[in-house]
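*Asks:* structure_23.csv (CSV, C-alpha atoms and all ligand atoms) pasted underneath:
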chain,number,residue,atom,x,y,z
A,988,MET,CA,60.2,96.3,82.9
A,989,THR,CA,58.5,96.3,86.3
A,990,GLN,CA,56.7,93.8,88.5
A,991,ASN,CA,53.6,94.7,86.6
A,992,SER,CA,54.8,93.4,83.2
A,993,SER,CA,52.7,90.9,81.3
A,994,ILE,CA,53.7,87.7,83.1
A,995,ASP,CA,52.6,87.8,86.7
A,996,PHE,CA,55.3,86.1,88.8
A,997,ASP,CA,54.5,85.6,92.5
A,998,LEU,CA,57.3,87.6,94.1
A,999,SER,CA,55.8,87.8,97.5
A,1000,TYR,CA,58.6,85.7,98.9
A,1001,LEU,CA,60.9,88.6,98.2
A,1002,ASP,CA,58.7,90.8,100.5
A,1003,GLU,CA,59.2,88.3,103.3
A,1004,ASN,CA,62.9,88.0,102.7
A,1005,TYR,CA,63.4,91.7,102.6
A,1006,LYS,CA,61.4,92.2,105.8
A,1007,ARG,CA,63.3,89.4,107.6
A,1008,VAL,CA,66.8,90.6,106.5
A,1009,THR,CA,66.1,94.2,107.3
A,1010,SER,CA,64.8,93.4,110.8
A,1011,GLU,CA,67.8,91.1,111.5
A,1012,ILE,CA,70.1,93.9,110.5
A,1013,SER,CA,68.3,96.3,112.9
A,1014,GLU,CA,68.4,93.8,115.7
A,1015,ALA,CA,72.1,93.2,115.2
A,1016,ALA,CA,72.8,97.0,115.1
A,1017,ILE,CA,70.9,97.5,118.3
A,1018,LYS,CA,72.7,94.6,120.0
A,1019,ALA,CA,76.0,96.3,119.0
A,1020,GLY,CA,74.8,99.6,120.5
A,1021,ARG,CA,74.6,101.2,117.1
A,1022,ALA,CA,71.7,103.0,115.4
A,1023,PRO,CA,70.1,100.8,112.7
A,1024,GLU,CA,70.5,103.6,110.2
A,1025,GLU,CA,74.3,103.2,110.5
A,1026,VAL,CA,74.1,99.9,108.6
A,1027,SER,CA,73.1,100.0,104.9
A,1028,LEU,CA,71.8,96.9,103.2
A,1029,MET,CA,73.2,96.2,99.8
A,1030,ALA,CA,71.2,93.8,97.6
A,1031,VAL,CA,73.7,91.7,95.7
A,1032,THR,CA,72.1,90.9,92.4
A,1033,LYS,CA,74.5,88.6,90.5
A,1034,THR,CA,72.4,86.0,88.4
A,1035,VAL,CA,69.2,87.9,89.5
A,1036,SER,CA,66.8,89.1,86.9
A,1037,PRO,CA,65.8,92.7,86.5
A,1038,VAL,CA,62.2,91.9,87.4
A,1039,MET,CA,63.3,90.6,90.8
A,1040,ILE,CA,65.7,93.4,91.3
A,1041,ASN,CA,63.1,96.0,90.5
A,1042,HIS,CA,60.7,94.4,93.0
A,1043,MET,CA,63.4,94.6,95.6
A,1044,ILE,CA,63.9,98.3,94.8
A,1045,SER,CA,60.1,98.8,95.1
A,1046,LEU,CA,60.3,97.3,98.6
A,1047,GLY,CA,63.0,99.8,99.6
A,1048,ALA,CA,66.4,98.5,98.5
A,1049,LYS,CA,68.6,101.6,97.8
A,1050,LEU,CA,71.9,100.0,97.1
A,1051,ILE,CA,72.6,97.4,94.4
A,1052,GLY,CA,75.9,95.4,94.0
A,1053,GLU,CA,77.0,93.6,90.9
A,1054,ASN,CA,80.1,91.5,90.5
A,1055,LYS,CA,80.6,91.7,86.8
A,1056,VAL,CA,80.7,94.7,84.4
A,1057,GLN,CA,79.1,92.8,81.6
A,1058,GLU,CA,76.2,91.6,83.7
A,1059,LEU,CA,75.6,95.0,85.1
A,1060,LEU,CA,75.5,96.7,81.7
A,1061,SER,CA,73.2,94.0,80.3
A,1062,LYS,CA,70.6,94.7,83.0
A,1063,LEU,CA,71.0,98.4,83.2
A,1064,ASP,CA,68.3,99.4,80.7
A,1065,PHE,CA,65.7,97.3,82.5
A,1066,LEU,CA,66.4,98.6,86.0
A,1067,ASP,CA,64.5,101.4,87.9
A,1068,THR,CA,67.7,103.2,88.8
A,1069,LYS,CA,66.2,106.6,89.7
A,1070,ASP,CA,66.5,106.2,93.4
A,1071,ILE,CA,69.3,103.7,93.8
A,1072,LYS,CA,73.1,103.6,93.8
A,1073,MET,CA,75.1,100.8,92.2
A,1074,HIS,CA,78.4,99.5,93.2
A,1075,ILE,CA,80.8,97.1,91.6
A,1076,ILE,CA,81.9,94.4,94.2
A,1077,GLY,CA,83.7,91.8,92.1
A,1078,HIS,CA,87.2,91.6,90.7
A,1079,LEU,CA,87.5,94.3,88.1
A,1080,GLN,CA,89.9,94.3,85.1
A,1081,SER,CA,91.5,97.6,84.3
A,1082,ASN,CA,90.3,97.5,80.7
A,1083,LYS,CA,86.6,97.5,81.9
A,1084,VAL,CA,86.9,100.5,84.2
A,1085,ARG,CA,85.9,103.0,81.4
A,1086,LYS,CA,82.7,101.1,80.8
A,1087,ILE,CA,81.3,101.7,84.3
A,1088,ILE,CA,82.9,104.9,85.4
A,1089,ASP,CA,79.7,106.9,84.7
A,1090,THR,CA,77.3,104.2,86.0
A,1091,VAL,CA,78.5,103.1,89.4
A,1092,SER,CA,78.9,105.4,92.5
A,1093,MET,CA,81.5,103.2,94.1
A,1094,ILE,CA,84.0,100.5,93.2
A,1095,GLN,CA,84.3,98.3,96.3
A,1096,SER,CA,86.8,95.8,94.9
A,1097,VAL,CA,90.0,97.8,94.3
A,1098,ASP,CA,92.7,95.2,94.9
A,1099,SER,CA,95.8,96.8,93.3
A,1100,VAL,CA,97.6,100.1,92.8
A,1101,SER,CA,97.4,99.6,89.0
A,1102,LEU,CA,93.6,99.2,89.0
A,1103,ALA,CA,93.4,102.4,91.1
A,1104,GLU,CA,95.6,104.1,88.6
A,1105,GLU,CA,93.2,103.3,85.8
A,1106,ILE,CA,90.2,104.4,87.8
A,1107,SER,CA,91.9,107.6,88.5
A,1108,ARG,CA,92.8,108.1,84.9
A,1109,GLN,CA,89.2,107.5,83.7
A,1110,ALA,CA,87.7,109.6,86.5
A,1111,VAL,CA,89.8,112.5,85.6
A,1112,LYS,CA,88.9,112.1,81.9
A,1113,HIS,CA,85.2,111.9,82.8
A,1114,GLU,CA,85.6,114.9,85.2
A,1115,LYS,CA,84.4,113.1,88.3
A,1116,GLU,CA,85.5,111.7,91.6
A,1117,MET,CA,85.1,108.0,92.1
A,1118,ASP,CA,84.6,106.6,95.6
A,1119,ILE,CA,86.4,103.3,96.2
A,1120,LEU,CA,87.0,100.7,98.8
A,1121,LEU,CA,90.2,98.8,99.1
A,1122,GLU,CA,89.4,95.1,99.2
A,1123,VAL,CA,91.6,93.3,101.6
A,1124,ASN,CA,92.4,89.5,101.5
A,1125,ILE,CA,91.8,89.2,105.2
A,1126,GLY,CA,92.2,85.4,105.4
A,1127,ASP,CA,95.4,85.6,103.4
A,1128,GLU,CA,93.9,83.0,100.9
A,1129,GLU,CA,95.8,82.2,97.8
A,1130,ALA,CA,92.7,81.8,95.6
A,1131,LYS,CA,91.1,85.0,96.7
A,1132,THR,CA,91.3,88.5,95.3
A,1133,GLY,CA,92.0,91.5,97.6
A,1134,MET,CA,95.2,93.2,98.7
A,1135,PRO,CA,97.6,91.3,100.9
A,1136,ILE,CA,97.4,92.7,104.4
A,1137,GLY,CA,101.1,93.6,104.3
A,1138,LEU,CA,100.7,95.8,101.3
A,1139,LEU,CA,97.5,97.6,102.5
A,1140,LYS,CA,98.9,100.7,104.2
A,1141,GLU,CA,101.6,101.4,101.6
A,1142,SER,CA,99.1,100.9,98.7
A,1143,ALA,CA,96.5,103.1,100.4
A,1144,CYS,CA,98.9,105.9,100.8
A,1145,GLU,CA,99.9,105.7,97.2
A,1146,ILE,CA,96.3,105.6,96.0
A,1147,ALA,CA,95.3,108.5,98.3
A,1148,GLU,CA,97.5,110.8,96.2
A,1149,MET,CA,95.8,110.0,92.9
A,1150,PRO,CA,93.4,112.6,91.4
A,1151,GLY,CA,89.8,111.7,90.8
A,1152,ILE,CA,89.7,109.0,93.4
A,1153,LYS,CA,88.5,108.9,97.1
A,1154,ILE,CA,89.3,106.0,99.4
A,1155,LYS,CA,86.2,105.6,101.6
A,1156,GLY,CA,87.1,102.4,103.5
A,1157,LEU,CA,87.7,98.7,103.3
A,1158,MET,CA,85.8,95.7,101.9
A,1159,CYS,CA,86.5,92.0,102.7
A,1160,VAL,CA,85.2,88.5,102.0
A,1161,PRO,CA,86.6,86.3,104.8
A,1162,PRO,CA,87.3,82.6,104.4
A,1163,ILE,CA,84.4,80.2,104.9
A,1164,CYS,CA,83.9,79.9,108.6
A,1165,GLU,CA,82.4,77.2,110.9
A,1166,ASN,CA,80.5,79.7,113.0
A,1167,ASP,CA,79.8,83.3,113.8
A,1168,ASP,CA,82.7,83.6,116.4
A,1169,GLU,CA,85.3,82.5,113.8
A,1170,ALA,CA,83.8,84.9,111.2
A,1171,ARG,CA,83.8,87.7,113.8
A,1172,ARG,CA,87.5,87.5,114.3
A,1173,TYR,CA,88.1,88.2,110.6
A,1174,PHE,CA,85.7,91.2,110.8
A,1175,GLU,CA,87.5,92.5,113.9
A,1176,LYS,CA,90.8,92.2,112.1
A,1177,THR,CA,89.4,94.2,109.2
A,1178,ARG,CA,88.0,96.8,111.5
A,1179,LEU,CA,91.4,97.2,113.2
A,1180,LEU,CA,93.1,97.6,109.8
A,1181,TYR,CA,90.5,100.2,108.9
A,1182,GLU,CA,91.1,102.2,112.1
A,1183,ASP,CA,94.8,101.9,111.5
A,1184,LEU,CA,94.5,103.6,108.1
A,1185,LYS,CA,92.7,106.7,109.4
A,1186,VAL,CA,95.8,108.4,110.6
A,1187,PRO,CA,98.1,107.9,107.6
A,1188,LEU,CA,95.2,109.0,105.3
A,1189,LYS,CA,94.2,112.0,107.3
A,1190,GLY,CA,93.5,115.1,105.2
A,1191,LYS,CA,93.4,113.0,102.0
A,1192,SER,CA,90.6,110.5,102.5
A,1193,GLU,CA,87.9,110.5,105.1
A,1194,LEU,CA,87.2,106.9,105.9
A,1195,SER,CA,83.5,106.0,106.7
A,1196,VAL,CA,82.7,102.7,105.0
A,1197,LEU,CA,83.3,99.2,106.2
A,1198,SER,CA,81.7,96.8,103.7
A,1199,MET,CA,81.6,93.3,105.3
A,1200,GLY,CA,79.2,90.5,106.0
A,1201,MET,CA,77.1,88.5,103.5
A,1202,SER,CA,74.0,86.3,103.9
A,1203,SER,CA,75.7,83.8,106.3
A,1204,ASP,CA,77.6,86.3,108.5
A,1205,PHE,CA,76.2,89.8,108.4
A,1206,VAL,CA,75.3,89.6,112.1
A,1207,PRO,CA,78.9,89.2,113.4
A,1208,ALA,CA,80.0,91.8,110.7
A,1209,ILE,CA,77.5,94.3,112.2
A,1210,LEU,CA,78.7,93.6,115.7
A,1211,GLU,CA,82.2,94.5,114.5
A,1212,GLY,CA,81.2,97.7,112.8
A,1213,ALA,CA,80.1,97.0,109.3
A,1214,THR,CA,78.4,100.0,107.6
A,1215,ILE,CA,77.4,98.1,104.5
A,1216,VAL,CA,76.3,94.4,104.5
A,1217,ARG,CA,76.2,92.7,101.1
A,1218,VAL,CA,73.3,90.3,101.0
A,1219,GLY,CA,72.4,88.1,98.0
A,1220,SER,CA,70.9,84.7,98.6
A,1221,SER,CA,69.0,85.6,101.8
A,1222,LEU,CA,67.2,88.2,99.8
A,1223,PHE,CA,66.7,86.5,96.4
A,1224,GLY,CA,67.0,82.8,97.2
A,1225,ALA,CA,69.8,80.4,96.2
A,1226,ARG,CA,71.5,81.4,93.0
A,1227,ARG,CA,71.1,79.3,89.9
A,1228,TYR,CA,74.0,79.7,87.5
A,1301,LIG,C1,77.9,87.0,95.9
A,1301,LIG,C2,78.5,88.0,96.8
A,1301,LIG,C3,77.9,88.5,98.0
A,1301,LIG,C4,76.6,87.9,98.5
A,1301,LIG,O1,76.7,86.6,98.8
A,1301,LIG,P1,75.4,85.9,99.6
A,1301,LIG,O2,76.1,84.8,100.3
A,1301,LIG,O3,74.6,85.3,98.5
A,1301,LIG,O4,74.8,86.8,100.4
A,1301,LIG,C5,78.5,89.5,98.7
A,1301,LIG,N1,79.7,90.0,98.4
A,1301,LIG,C6,80.4,89.6,97.3
A,1301,LIG,C7,81.7,90.1,96.9
A,1301,LIG,C8,79.8,88.6,96.5
A,1301,LIG,O5,80.5,88.1,95.4
Reformat the file's structure so that it appears as structure tokens.
*Replies:*
Amino acid sequence: MTQNSSIDFDLSYLDENYKRVTSEISEAAIKAGRAPEEVSLMAVTKTVSPVMINHMISLGAKLIGENKVQELLSKLDFLDTKDIKMHIIGHLQSNKVRKIIDTVSMIQSVDSVSLAEEISRQAVKHEKEMDILLEVNIGDEEAKTGMPIGLLKESACEIAEMPGIKIKGLMCVPPICENDDEARRYFEKTRLLYEDLKVPLKGKSELSVLSMGMSSDFVPAILEGATIVRVGSSLFGARRY
């Protein structure tokens, strides 16, 4: 299925959204004294139809993020996946790992040692190396997934020893914030944790990815060093569940 399929939707608003978001990302990078190419845009596609996703890919989106295994697999046959990479960004149950081990290039939402163990097991079985991010519960919220800050270093060191798995960095979803300054403090905290992991993981994992910032707060995230921003509604419009 492509944008040229029989029903002609007017998808030009996606062009405008893509142009606006990519230029805001570039501006934020420049403001932070960074090269715009250092920040990758991930299009977050939960609830979004393959027609719209393919249009976004035709505009230049290279990185697609889905929250749920089932949803990702149901869309897969309809997506133009040739030039893109897909990541899982939502809470992942261990028993679903084998279903996506050959499909995604990164699992961003690793929130426990036991999940990492299963990823390692499946990666070895499928003779591959899976890149992962550790998701940190940066606001220490009870209702949120992600590793508790206090367990991060210990868990990272344990996971770094596992075969078939490479820790690339951290991912976070901060609490809902009133303004950019408040959000920025959570991103700063995440960046400091990330810097702090580099020494204990030296020689085992080369950290290079900080996945933080969504539609409402990707600018402060970029100012604090985000290398992937995960944008859904600002690209595709408000989600209808
Ligand atoms: C939905 C989601 C996003 C994108 O959220 P928007 O506010 O729509 O940009 C990013 N990251 C994760 C983990 C998500 O679940």
*Asks:* For atom CA of Asp1204 of chain A and atom CA of Ile1154 of chain A, quote the distance in Å rounded to one decimal.
*Replies:*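 Separation between atom CA of Asp1204 of chain A and atom CA of Ile1154 of chain A: 24.7 Å.
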*Asks:* Could you give me, as a compact mmCIF listing (two decimals) with C-alpha atoms, keeping the file's coordinate frame, the residues that have an atom at most 7 Å away from the point (98.6, 102.1, 93.7) in the coordinates of the file, using only C-alpha atoms?
*Replies:*
# COMPACT_ATOMS: atom_id res chain seq x y z
CA SER A 1099 95.80 96.80 93.30
CA VAL A 1100 97.60 100.10 92.80
CA SER A 1101 97.40 99.60 89.00
CA ALA A 1103 93.40 102.40 91.10
CA GLU A 1104 95.60 104.10 88.60
CA SER A 1142 99.10 100.90 98.70
CA GLU A 1145 99.90 105.70 97.20
CA ILE A 1146 96.30 105.60 96.00
*Asks:* Mind dumping a table of every chain A residue within 9 Å of ligand LIG 1301 (chain A), with the nearest atom pair and its distance in Å to one decimal, using only C-alpha atoms and all ligand atoms, sorted by chain and rising number, as a Markdown table?
*Replies:*
| residue | atom | partner | partner_atom | distance |
| --- | --- | --- | --- | --- |
| A:Met1029 | CA | A:LIG1301 | C5 | 8.6 |
| A:Ala1030 | CA | A:LIG1301 | C4 | 8.0 |
| A:Val1031 | CA | A:LIG1301 | C4 | 5.5 |
| A:Thr1032 | CA | A:LIG1301 | C1 | 7.8 |
| A:Lys1033 | CA | A:LIG1301 | C1 | 6.6 |
| A:Gly1052 | CA | A:LIG1301 | N1 | 7.9 |
| A:Glu1053 | CA | A:LIG1301 | O5 | 7.9 |
| A:Asn1054 | CA | A:LIG1301 | O5 | 6.0 |
| A:Ile1075 | CA | A:LIG1301 | C7 | 8.8 |
| A:Ile1076 | CA | A:LIG1301 | C7 | 5.1 |
| A:Gly1077 | CA | A:LIG1301 | C7 | 5.5 |
| A:His1078 | CA | A:LIG1301 | C7 | 8.4 |
| A:Gln1095 | CA | A:LIG1301 | C7 | 8.6 |
| A:Ser1096 | CA | A:LIG1301 | C7 | 7.9 |
| A:Met1158 | CA | A:LIG1301 | C7 | 8.6 |
| A:Cys1159 | CA | A:LIG1301 | C7 | 7.8 |
| A:Val1160 | CA | A:LIG1301 | C7 | 6.4 |
| A:Ser1198 | CA | A:LIG1301 | N1 | 8.9 |
| A:Met1199 | CA | A:LIG1301 | N1 | 7.9 |
| A:Gly1200 | CA | A:LIG1301 | C5 | 7.4 |
| A:Met1201 | CA | A:LIG1301 | O4 | 4.2 |
| A:Ser1202 | CA | A:LIG1301 | O4 | 3.6 |
| A:Ser1203 | CA | A:LIG1301 | O2 | 6.1 |
| A:Asp1204 | CA | A:LIG1301 | O2 | 8.5 |
| A:Phe1205 | CA | A:LIG1301 | O4 | 8.7 |
| A:Val1216 | CA | A:LIG1301 | C5 | 7.9 |
| A:Arg1217 | CA | A:LIG1301 | C5 | 4.6 |
| A:Val1218 | CA | A:LIG1301 | O4 | 3.9 |
| A:Gly1219 | CA | A:LIG1301 | O3 | 3.6 |
| A:Ser1220 | CA | A:LIG1301 | O3 | 3.7 |
| A:Ser1221 | CA | A:LIG1301 | O4 | 6.1 |
| A:Leu1222 | CA | A:LIG1301 | O4 | 7.8 |
| A:Phe1223 | CA | A:LIG1301 | O3 | 8.3 |
| A:Gly1224 | CA | A:LIG1301 | O3 | 8.1 |
| A:Ala1225 | CA | A:LIG1301 | O3 | 7.2 |
| A:Arg1226 | CA | A:LIG1301 | O3 | 7.4 |
*Asks:* As an exercise, work out the distance from atom CA of Lys1055 of chain A to atom CA of Glu1193 of chain A in Å and give it to one decimal place.
*Replies:*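 Going from atom CA of Lys1055 of chain A over to atom CA of Glu1193 of chain A, I get 27.2 Å.
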*Asks:* Could you pull the residues within 12 Å of Gly1047 of chain A, counting only C-alpha atoms, minus those fewer than 5 positions along the same chain, as a PyMOL selection string?
*Replies:* chain A and resi 1001-1002+1005-1006+1009+1027-1030+1040-1042+1067+1070-1071
*Asks:* Pick out the closest residue to Lys1018 of chain A from this set: A:Val1206, A:Ala1170, A:Ile1094, A:Val1186. Count only C-alpha atoms.
*Replies:*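 The answer is A:Val1206, which sits nearest to Lys1018 of chain A.
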*Asks:* Which value, in Å to one decimal, gives the distance between atom CA of Ala1048 of chain A and atom CA of Leu1180 of chain A?
*Replies:*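 Here the two named atoms are 29.0 Å from each other.
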*Asks:* Between A:Ala1143, A:Leu1210, A:Val1035, A:Ala1110, which residue has the minimum interatomic distance to Asp1098 of chain A, considering all atoms listed in the file?
*Replies:*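 Smallest separation from Asp1098 of chain A among the options: A:Ala1143.
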*Asks:* Could you tell me which of A:Asp1183, A:Glu1114, A:Glu1165, A:Glu1129 comes closest to Gly1151 of chain A if we count only C-alpha atoms?
*Replies:*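 The closest residue to Gly1151 of chain A is A:Glu1114.
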*Asks:* Using all atoms listed in the file, which of A:Lys1189, A:Arg1171, A:Lys1155, A:Lys1072 sits nearest Ile1119 of chain A?
*Replies:*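 The closest residue to Ile1119 of chain A is A:Lys1155.
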*Asks:* Go through A:Leu998, A:Cys1144, A:Leu1179, A:Val1097 and flag the residue nearest Leu1120 of chain A, using all atoms listed in the file for the distances.
*Replies:* A:Val1097
*Asks:* Out of A:Gly1020, A:Leu1184, A:Leu1157, A:Lys1176, which residue has the shortest atom-to-atom distance to Lys1140 of chain A when counting only C-alpha atoms?
*Replies:*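 Distance minimum relative to Lys1140 of chain A lands on A:Leu1184.
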*Asks:* So that I can check the surroundings of Pro1037 of chain A, please list as JSON, numbers by chain every protein, DNA and RNA residue that reaches within 7 Å of it, counting all atoms listed in the file and ignoring chain neighbours fewer than 6 positions away.
*Replies:* {"A": [1062, 1065, 1066]}
